[in-house]
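For reference, data_16.cif is printed below; it contains mmCIF, C-alpha atoms.
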data_target
loop_
_atom_site.label_atom_id
_atom_site.label_comp_id
_atom_site.auth_asym_id
_atom_site.auth_seq_id
_atom_site.Cartn_x
_atom_site.Cartn_y
_atom_site.Cartn_z
CA MET A 9 -7.60 12.08 -4.81
CA ALA A 10 -6.24 13.65 -8.00
CA ASN A 11 -7.74 16.96 -9.11
CA ARG A 12 -9.91 16.13 -12.13
CA ASN A 13 -10.42 19.76 -13.12
CA LEU A 14 -6.84 20.14 -14.34
CA GLN A 15 -6.34 20.41 -18.08
CA ARG A 16 -3.66 18.34 -19.77
CA ARG A 17 -1.02 20.52 -21.46
CA SER A 18 0.01 19.89 -25.03
CA ILE A 19 3.78 19.58 -25.31
CA LEU A 20 3.74 19.92 -29.09
CA ASP A 21 4.00 22.99 -31.25
CA PRO A 22 0.30 23.79 -31.93
CA ALA A 23 0.82 23.72 -35.71
CA VAL A 24 2.53 20.33 -35.48
CA ALA A 25 -0.29 18.98 -33.27
CA ASP A 26 -2.93 20.18 -35.77
CA LEU A 27 -1.10 18.70 -38.72
CA LEU A 28 -0.46 15.39 -36.97
CA ALA A 29 -4.12 15.09 -35.90
CA GLY A 30 -5.25 15.79 -39.49
CA MET A 31 -2.84 13.21 -40.90
CA GLU A 32 -3.84 10.58 -38.34
CA ASN A 33 -7.53 11.16 -39.09
CA LYS A 34 -6.90 10.73 -42.80
CA GLN A 35 -4.87 7.59 -42.16
CA ALA A 36 -7.67 6.12 -39.98
CA GLU A 37 -10.17 7.05 -42.67
CA ALA A 38 -8.12 5.27 -45.33
CA ARG A 39 -8.59 2.01 -43.41
CA LEU A 40 -12.41 2.26 -43.47
CA PRO A 41 -14.57 0.31 -45.95
CA ARG A 42 -15.17 2.07 -49.28
CA ARG A 43 -18.74 3.11 -48.52
CA GLU A 44 -17.69 4.68 -45.19
CA ARG A 45 -14.83 6.49 -46.88
CA GLU A 46 -17.16 7.96 -49.49
CA LYS A 47 -19.56 9.07 -46.76
CA LYS A 48 -16.73 10.80 -44.89
CA ALA A 49 -15.51 12.48 -48.09
CA LYS A 50 -19.04 13.78 -48.77
CA GLU A 51 -19.32 15.13 -45.22
CA ARG A 52 -15.97 16.86 -45.58
CA ALA A 53 -16.96 18.42 -48.90
CA LYS A 54 -20.22 19.66 -47.33
CA ILE A 55 -18.36 21.22 -44.39
CA ARG A 56 -15.85 22.81 -46.78
CA ALA A 57 -18.64 24.22 -48.96
CA ARG A 58 -20.32 25.77 -45.91
CA ARG A 59 -17.12 27.31 -44.56
CA ASP A 60 -17.74 30.70 -46.21
CA GLN A 61 -21.25 30.84 -44.78
CA ARG A 62 -20.21 30.41 -41.18
CA VAL A 63 -19.96 33.37 -38.82
CA THR A 64 -19.67 33.92 -35.08
CA TYR A 65 -21.40 36.87 -33.39
CA ASP A 66 -22.08 37.52 -29.72
CA LEU A 67 -25.82 37.83 -29.09
CA PRO A 68 -27.77 38.35 -25.88
CA PRO A 69 -28.72 34.84 -24.68
CA GLN A 70 -32.43 35.82 -24.56
CA LEU A 71 -32.38 36.81 -28.26
CA LYS A 72 -30.53 33.64 -29.18
CA GLN A 73 -33.09 31.55 -27.26
CA ALA A 74 -36.04 33.46 -28.82
CA MET A 75 -34.64 32.77 -32.31
CA PHE A 76 -34.13 29.10 -31.45
CA ASP A 77 -37.69 28.79 -30.06
CA LEU A 78 -39.20 30.46 -33.13
CA ALA A 79 -37.21 28.20 -35.48
CA GLU A 80 -38.39 25.16 -33.51
CA SER A 81 -42.04 26.23 -33.54
CA LEU A 82 -41.93 26.91 -37.30
CA SER A 83 -39.83 23.80 -37.95
CA LEU A 84 -37.23 25.84 -39.81
CA PRO A 85 -33.42 26.04 -39.58
CA ALA A 86 -32.46 28.93 -37.28
CA SER A 87 -29.78 30.03 -39.79
CA GLN A 88 -32.46 30.72 -42.41
CA LEU A 89 -34.59 32.69 -39.96
CA VAL A 90 -31.55 34.76 -38.98
CA THR A 91 -30.77 35.29 -42.68
CA LEU A 92 -34.34 36.57 -43.24
CA ALA A 93 -34.17 38.84 -40.20
CA LEU A 94 -30.80 40.32 -41.21
CA HIS A 95 -31.89 40.78 -44.83
CA ARG A 96 -35.02 42.67 -43.69
CA PHE A 97 -32.84 44.78 -41.39
CA MET A 98 -30.41 45.66 -44.20
CA GLU A 99 -33.31 46.68 -46.48
CA ALA A 100 -34.93 48.77 -43.75
CA TYR A 101 -31.60 50.37 -42.83
CA ALA A 102 -30.88 51.23 -46.47
CA ALA A 103 -34.37 52.77 -46.76
CA GLY A 104 -33.66 54.98 -43.73
CA GLN A 105 -36.31 53.28 -41.64
CA ILE A 106 -33.96 52.38 -38.82
CA ASP A 107 -32.28 55.03 -36.69
CA ILE A 108 -29.43 53.59 -34.69
CA SER A 109 -28.32 56.98 -33.36
CA LYS A 110 -30.64 56.77 -30.36
CA TYR A 111 -28.75 53.65 -29.14
CA LYS A 112 -25.26 54.97 -29.90
CA LYS A 113 -22.94 55.65 -26.96
CA PRO A 114 -19.17 56.36 -26.95
CA SER A 115 -17.14 53.20 -26.49
CA LYS A 116 -14.07 52.76 -24.30
CA SER A 117 -12.82 49.98 -26.57
CA PRO A 118 -9.53 50.77 -28.34
CA ARG A 119 -10.97 49.15 -31.47
CA TYR A 120 -14.33 50.92 -31.76
CA ASP A 121 -15.48 54.52 -31.29
CA TRP A 122 -19.10 53.61 -30.57
CA LYS A 123 -21.24 50.95 -28.99
CA LEU A 124 -25.00 50.32 -29.09
CA ASP A 125 -26.80 50.42 -25.76
CA PHE A 126 -30.11 48.56 -25.98
CA PRO A 127 -33.01 49.11 -23.58
CA PRO A 128 -32.95 46.36 -20.90
CA GLU A 129 -36.73 45.80 -21.29
CA TRP A 130 -36.01 44.21 -24.68
CA TRP A 131 -34.63 41.18 -22.89
CA GLN A 132 -37.35 40.93 -20.27
CA ASN A 133 -40.30 38.66 -20.87
CA MET B 16 24.18 38.13 -31.21
CA PHE B 17 22.56 34.73 -31.64
CA ILE B 18 24.27 31.87 -33.52
CA ILE B 19 22.26 29.08 -35.12
CA ALA B 20 23.97 25.99 -36.56
CA LEU B 21 22.18 23.95 -39.22
CA ALA B 22 23.36 20.40 -38.83
CA ASN B 23 22.55 16.86 -39.83
CA GLN B 24 25.21 14.28 -40.59
CA LYS B 25 22.97 12.95 -43.36
CA GLY B 26 23.38 14.86 -46.63
CA GLY B 27 20.55 16.06 -48.87
CA VAL B 28 18.14 16.94 -46.07
CA GLY B 29 17.78 20.63 -47.01
CA LYS B 30 20.40 22.28 -44.77
CA THR B 31 21.62 24.78 -47.37
CA THR B 32 18.15 25.69 -48.67
CA THR B 33 16.99 26.16 -45.09
CA ALA B 34 20.06 28.27 -44.23
CA VAL B 35 19.60 30.51 -47.30
CA THR B 36 15.86 30.95 -46.79
CA LEU B 37 16.06 31.62 -43.06
CA ALA B 38 18.99 34.04 -43.46
CA SER B 39 16.99 36.01 -46.06
CA GLY B 40 13.95 35.94 -43.79
CA PHE B 41 15.88 37.26 -40.78
CA SER B 42 17.43 40.07 -42.82
CA GLN B 43 13.96 41.05 -44.07
CA HIS B 44 12.95 41.29 -40.40
CA LEU B 45 15.78 43.84 -40.06
CA LYS B 46 18.18 41.49 -38.33
CA ASN B 47 21.74 42.15 -39.44
CA THR B 48 22.56 38.62 -40.59
CA LEU B 49 25.70 36.67 -41.53
CA LEU B 50 25.51 33.24 -43.16
CA ILE B 51 28.72 31.19 -42.95
CA ASP B 52 29.23 28.26 -45.32
CA LEU B 53 31.20 25.51 -43.58
CA ASP B 54 30.69 23.07 -46.44
CA PRO B 55 33.44 22.79 -49.12
CA GLN B 56 30.71 22.38 -51.77
CA GLY B 57 30.23 26.18 -51.53
CA HIS B 58 26.54 26.09 -52.35
CA ILE B 59 25.61 29.12 -50.25
CA ALA B 60 27.23 31.49 -52.76
CA PHE B 61 25.67 29.51 -55.62
CA SER B 62 22.21 29.86 -54.05
CA PHE B 63 22.51 33.65 -53.97
CA GLY B 64 23.75 33.74 -57.56
CA VAL B 65 27.28 34.92 -56.69
CA GLU B 66 30.69 33.35 -57.32
CA LYS B 67 32.12 30.89 -54.80
CA THR B 68 35.14 32.38 -53.02
CA PRO B 69 37.59 30.94 -50.50
CA GLY B 70 36.24 33.36 -47.84
CA LEU B 71 36.38 30.87 -44.97
CA TYR B 72 39.94 29.89 -45.93
CA ARG B 73 41.10 33.53 -46.06
CA TRP B 74 39.46 34.26 -42.69
CA LEU B 75 40.61 31.23 -40.72
CA VAL B 76 43.91 30.33 -42.41
CA MET B 77 45.18 33.60 -43.91
CA ASP B 78 43.94 35.55 -40.85
CA GLU B 79 42.24 38.24 -42.95
CA ARG B 80 39.59 40.36 -41.24
CA LEU B 81 35.99 39.17 -41.43
CA ASP B 82 34.79 42.39 -43.07
CA GLU B 83 37.38 41.87 -45.85
CA VAL B 84 36.21 38.39 -46.78
CA ILE B 85 32.44 38.57 -46.50
CA GLN B 86 30.19 39.27 -49.49
CA ASN B 87 27.09 41.41 -49.11
CA VAL B 88 24.42 39.56 -51.09
CA ARG B 89 21.18 41.28 -50.03
CA PRO B 90 20.32 44.28 -47.81
CA GLY B 91 21.29 43.35 -44.24
CA LEU B 92 22.64 39.96 -45.32
CA ASP B 93 26.31 38.99 -45.69
CA ILE B 94 27.74 35.60 -46.53
CA LEU B 95 31.12 34.07 -45.80
CA SER B 96 31.44 31.60 -48.61
CA SER B 97 33.38 28.40 -49.04
CA ASP B 98 34.94 26.46 -51.86
CA LYS B 99 37.16 23.41 -52.11
CA ARG B 100 39.88 25.19 -50.11
CA THR B 101 37.70 24.69 -47.05
CA GLU B 102 39.21 21.19 -46.97
CA SER B 103 42.59 22.87 -46.27
CA VAL B 104 40.93 24.82 -43.45
CA LYS B 105 40.17 21.55 -41.69
CA ARG B 106 43.78 20.37 -42.03
CA HIS B 107 45.05 23.74 -40.79
CA ILE B 108 42.73 23.78 -37.77
CA THR B 109 43.63 20.21 -36.82
CA LEU B 110 47.21 21.34 -36.13
CA MET B 111 46.20 24.27 -33.89
CA ASP B 112 45.88 24.54 -30.12
CA PHE B 113 42.33 25.17 -28.85
CA ARG B 114 41.19 24.03 -32.30
CA GLU B 115 37.63 23.21 -31.28
CA THR B 116 36.80 26.73 -30.10
CA LEU B 117 38.39 28.62 -33.00
CA LEU B 118 35.08 29.65 -34.59
CA PHE B 119 33.58 30.54 -31.22
CA ASP B 120 36.58 32.76 -30.40
CA ARG B 121 36.51 34.48 -33.81
CA LEU B 122 32.78 35.19 -33.72
CA ARG B 123 32.56 36.26 -30.09
CA ASN B 124 32.93 39.97 -30.78
CA SER B 125 30.96 40.10 -34.01
CA ASN B 126 28.34 42.83 -34.49
CA TYR B 127 25.76 40.72 -36.31
CA ASP B 128 22.32 40.15 -34.77
CA VAL B 129 22.09 36.62 -36.14
CA ILE B 130 24.76 34.29 -37.51
CA LEU B 131 23.78 31.09 -39.31
CA LEU B 132 26.28 28.28 -39.78
CA ASP B 133 25.57 25.94 -42.67
CA MET B 134 27.44 22.78 -41.73
CA ALA B 135 28.75 20.03 -43.97
CA PRO B 136 27.24 16.55 -43.58
CA SER B 137 30.25 15.19 -41.73
CA LEU B 138 31.71 14.94 -38.27
CA ASP B 139 35.04 16.72 -38.61
CA VAL B 140 36.80 19.47 -36.69
CA LEU B 141 34.88 22.22 -38.53
CA HIS B 142 31.60 20.57 -37.61
CA ILE B 143 32.57 20.43 -33.93
CA ASN B 144 33.69 24.09 -34.18
CA GLY B 145 30.26 25.03 -35.55
CA LEU B 146 28.40 23.24 -32.78
CA ILE B 147 30.57 24.75 -30.05
CA ALA B 148 30.09 28.25 -31.51
CA SER B 149 26.30 27.93 -31.67
CA ASP B 150 23.57 28.93 -29.26
CA TRP B 151 20.87 26.95 -31.06
CA VAL B 152 21.08 23.92 -33.33
CA LEU B 153 18.49 23.52 -36.06
CA ILE B 154 18.40 19.98 -37.41
CA PRO B 155 16.65 19.65 -40.77
CA THR B 156 15.60 16.09 -41.51
CA ARG B 157 13.76 14.31 -44.30
CA PRO B 158 11.05 12.03 -42.96
CA ASP B 159 13.07 8.90 -43.70
CA ALA B 160 14.86 6.46 -41.42
CA MET B 161 18.43 7.36 -42.41
CA ALA B 162 17.94 11.11 -41.98
CA VAL B 163 16.24 10.55 -38.61
CA ASP B 164 19.27 8.46 -37.61
CA GLY B 165 21.35 11.53 -38.52
CA VAL B 166 19.27 13.55 -36.00
CA LYS B 167 20.14 11.02 -33.30
CA GLU B 168 23.85 11.27 -34.16
CA ILE B 169 23.83 15.08 -33.95
CA LEU B 170 22.07 14.95 -30.59
CA LEU B 171 24.67 12.49 -29.28
CA THR B 172 27.46 14.83 -30.45
CA MET B 173 25.70 17.78 -28.80
CA GLY B 174 25.43 15.72 -25.61
CA GLU B 175 29.20 15.09 -25.65
CA ILE B 176 29.87 18.80 -26.24
CA SER B 177 27.52 19.75 -23.38
CA GLN B 178 29.40 17.39 -21.06
CA ARG B 179 32.56 19.38 -21.83
CA GLY B 180 30.86 22.52 -20.52
CA HIS B 181 29.24 24.20 -23.56
CA GLN B 182 25.69 25.33 -22.90
CA PHE B 183 23.29 25.20 -25.86
CA ALA B 184 20.23 27.43 -25.51
CA GLY B 185 18.30 24.66 -27.27
CA TYR B 186 17.63 22.85 -30.50
CA SER B 187 14.81 22.25 -32.98
CA ILE B 188 14.10 19.55 -35.50
CA LEU B 189 12.75 20.71 -38.85
CA PRO B 190 11.04 18.11 -41.05
CA THR B 191 11.79 18.93 -44.70
CA PHE B 192 10.75 17.40 -48.06
CA PHE B 193 7.42 16.73 -46.38
CA ASP B 194 4.79 14.95 -48.46
CA ARG B 195 1.78 14.38 -46.23
CA THR B 196 0.07 12.08 -48.72
CA THR B 197 2.50 9.18 -48.31
CA ARG B 198 2.13 6.64 -45.52
CA GLU B 199 5.88 6.54 -44.88
CA THR B 200 5.95 10.32 -44.24
CA VAL B 201 3.06 9.99 -41.76
CA THR B 202 4.77 7.10 -39.95
CA GLN B 203 8.16 8.85 -39.78
CA PHE B 204 6.56 12.13 -38.69
CA GLN B 205 4.66 10.34 -35.91
CA ASP B 206 7.91 8.72 -34.75
CA ILE B 207 9.77 12.05 -34.79
CA VAL B 208 6.98 13.83 -32.89
CA HIS B 209 6.66 11.06 -30.32
CA ALA B 210 10.43 11.02 -29.77
CA PHE B 211 11.13 14.76 -29.73
CA GLY B 212 7.79 16.40 -28.77
CA ASN B 213 7.92 20.18 -28.72
CA LYS B 214 11.38 20.22 -30.31
CA VAL B 215 9.72 19.45 -33.65
CA LEU B 216 8.91 22.48 -35.80
CA PRO B 217 6.09 22.59 -38.36
CA PRO B 218 7.34 20.90 -41.55
CA ILE B 219 8.49 22.27 -44.91
CA PRO B 220 6.38 20.79 -47.73
CA GLN B 221 8.12 19.11 -50.67
CA ASP B 222 8.20 21.73 -53.40
CA THR B 223 9.81 21.74 -56.86
CA ARG B 224 10.15 25.53 -56.69
CA VAL B 225 12.96 25.08 -54.16
CA ARG B 226 15.10 23.41 -56.83
CA GLU B 227 14.08 25.96 -59.44
CA SER B 228 14.99 28.93 -57.23
CA ALA B 229 18.53 27.56 -56.68
CA ALA B 230 18.94 27.17 -60.44
CA TYR B 231 18.08 30.85 -60.94
CA GLY B 232 20.33 32.02 -58.08
CA LYS B 233 17.32 33.47 -56.28
CA THR B 234 16.04 32.91 -52.77
CA LEU B 235 12.54 31.51 -52.32
CA TRP B 236 11.48 34.93 -51.00
CA GLU B 237 12.38 36.37 -54.40
CA TYR B 238 11.46 33.50 -56.71
CA SER B 239 8.27 32.10 -55.23
CA PRO B 240 7.20 33.72 -51.94
CA ASN B 241 3.78 32.03 -51.92
CA SER B 242 4.91 28.51 -52.82
CA PRO B 243 4.08 25.62 -50.44
CA ALA B 244 7.65 25.52 -49.10
CA MET B 245 7.19 29.13 -47.97
CA VAL B 246 3.60 29.22 -46.71
CA GLY B 247 3.03 25.58 -45.72
CA TYR B 248 -0.24 23.66 -45.79
CA GLN B 249 -3.75 24.97 -45.40
CA GLU B 250 -5.09 22.97 -42.44
CA GLY B 251 -8.68 24.11 -41.93
CA LYS B 252 -8.48 27.87 -41.57
CA ILE B 253 -4.81 28.02 -40.59
CA GLN B 254 -1.49 27.66 -42.40
CA VAL B 255 0.84 25.00 -41.04
CA GLY B 256 4.55 24.88 -41.74
CA GLY B 257 6.59 26.55 -44.45
CA TYR B 258 9.67 28.73 -44.04
CA LYS B 259 7.70 31.90 -43.17
CA GLN B 260 6.33 30.19 -40.06
CA ILE B 261 9.80 28.86 -39.17
CA VAL B 262 11.28 32.37 -39.41
CA ASP B 263 8.58 33.57 -36.98
CA ARG B 264 9.21 30.67 -34.59
CA LEU B 265 12.97 31.28 -34.57
CA LEU B 266 12.58 35.05 -34.18
CA GLU B 267 10.67 34.28 -30.97
CA VAL B 268 13.72 32.29 -29.80
CA ILE B 269 16.23 34.94 -30.94
CA ASP B 270 14.32 37.81 -29.34
CA GLY B 271 13.81 35.78 -26.18
#
Hey, can you dump this file as structure tokens for me?
Amino acid sequence: MANRNLQRRSILDPAVADLLAGMENKQAEARLPRREREKKAKERAKIRARRDQRVTYDLPPQLKQAMFDLAESLSLPASQLVTLALHRFMEAYAAGQIDISKYKKPSKSPRYDWKLDFPPEWWQN
Amino acid sequence: MFIIALANQKGGVGKTTTAVTLASGFSQHLKNTLLIDLDPQGHIAFSFGVEKTPGLYRWLVMDERLDEVIQNVRPGLDILSSDKRTESVKRHITLMDFRETLLFDRLRNSNYDVILLDMAPSLDVLHINGLIASDWVLIPTRPDAMAVDGVKEILLTMGEISQRGHQFAGYSILPTFFDRTTRETVTQFQDIVHAFGNKVLPPIPQDTRVRESAAYGKTLWEYSPNSPAMVGYQEGKIQVGGYKQIVDRLLEVIDG
């Protein structure tokens, strides 16, 4: 039986593949009824408007889950809770209420001089 | 040394603009570059804002040394220009022995890092010379049926040359005059991609600044370095196409 875990290789230049996919999507969209087209255009505009707000950070899975659970229990978007938490952190840091030096350890990374080492008990329930 | 021929038997597909822009790009990446005009129209010299000279004629017919007939047009970039006397070059070559390898033989010991050959839209002895001398063939094409037919013709000619023992390192197809808003462009681009797969390079958007830059005798790098023809399309967060990306792609080929 054929191995189903194999991943199909793209034989196209990645930029050409991206452009072609974008053009084919637009062409398919042009064939939709007017109302559907307008809906798609609105969705695209919304995604475009949010592009500057998007960010990717690596978080400990337990913290990510705790934030998700809290957002669920309060019936709030997790992004807004994270915004509140970060804003409060920035204020506290600016006021000198947060000392990160006790977590600071030299880093072996060629990109950074330091890393923060958090106590493992933070992630234990 | 790496020799790239720009060829398509269909005229008006952007061969000269591509040759001028890529040659300037390579020289800016510190590659010692020579651009040879094999087209009697002599538009390479015109594009750099210098006078057309019978450089190719003097080199191939009068047997003058290459360093005596080239013109240095930018730092690290020389051109060997053409004019109407290039027609006499073809007649002269036709009478010679080993006529199809003349250019290859003359360029073999050159000290340039990259040599670009801007070919005329024809299938004459100079065209065959250019293909035989080249390591890589770059085929600019407009996304229209006649220009794509020109791609097929070049590939057939390359096939015949390969059968006679010449080894090409490869070839690429470069869609030019690309207007992604028209249905015909989309259809032709799909056909080209389905037929040639990874041989197709990201396209060069249609851009009026290309015509303007030629009128001023400036390269696109000098006249409008951030125009669509140079930087391509914004597709999500990434740029797609444009001559800057093509220079990078070809430098990967040149540097192995």
List as CSV every residue of range 72-120 of chain B that is in contact with range 42-54 of chain B, defined as an atom at most 6 Å from one of its atoms (using only C-alpha atoms), together with the nearest atom pair and the distance in Å rounded to one decimal, sorted by chain and then rising number.
residue,atom,partner,partner_atom,distance
B:Gly91,CA,B:Asn47,CA,5.0
B:Leu92,CA,B:Thr48,CA,4.9
B:Asp93,CA,B:Leu49,CA,4.8
B:Ile94,CA,B:Leu50,CA,4.7
B:Leu95,CA,B:Ile51,CA,4.7
B:Ser96,CA,B:Asp52,CA,5.2
B:Ser97,CA,B:Asp52,CA,5.6
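Remark: for Asn33 in chain A, the closest of the candidate residues A:His95, A:Lys112, A:Lys50, A:Arg45 is A:Arg45 (distances computed over only C-alpha atoms).
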### Message
Which residues are near Ala34 in chain B? Cut-off 9 Å, only C-alpha atoms, ignore same chain within fewer than 4 positions. Put them as a PyMOL selection string.
### Response
chain B and resi 20-21+29-30+38-39+50+59+131-133
### Message
When the PyMOL selection byres ((chain B) within 8 of (chain A)) is applied to the structure above, which residues does it catch, written out as JSON, numbers by chain?
### Response
{"B": [195, 198, 201, 204, 205, 208, 212, 213, 214, 215, 216, 217, 218, 250, 255, 256]}
### Task
Identify all residues satisfying the PyMOL selection byres ((chain B and resi 158-168) around 8) in the given file; provide them as number ranges by chain.
B: 23-25, 28, 154, 156-157, 169-172, 188, 190-193, 199-200, 203-204, 207
### Query
Looking at B:Arg224, B:Asp263, B:Met134, B:Ala148, which one is nearest to His58 in chain B, with distances taken over all atoms listed in the file?
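Looking at the shortest contact to His58 in chain B, the residue is B:Met134.
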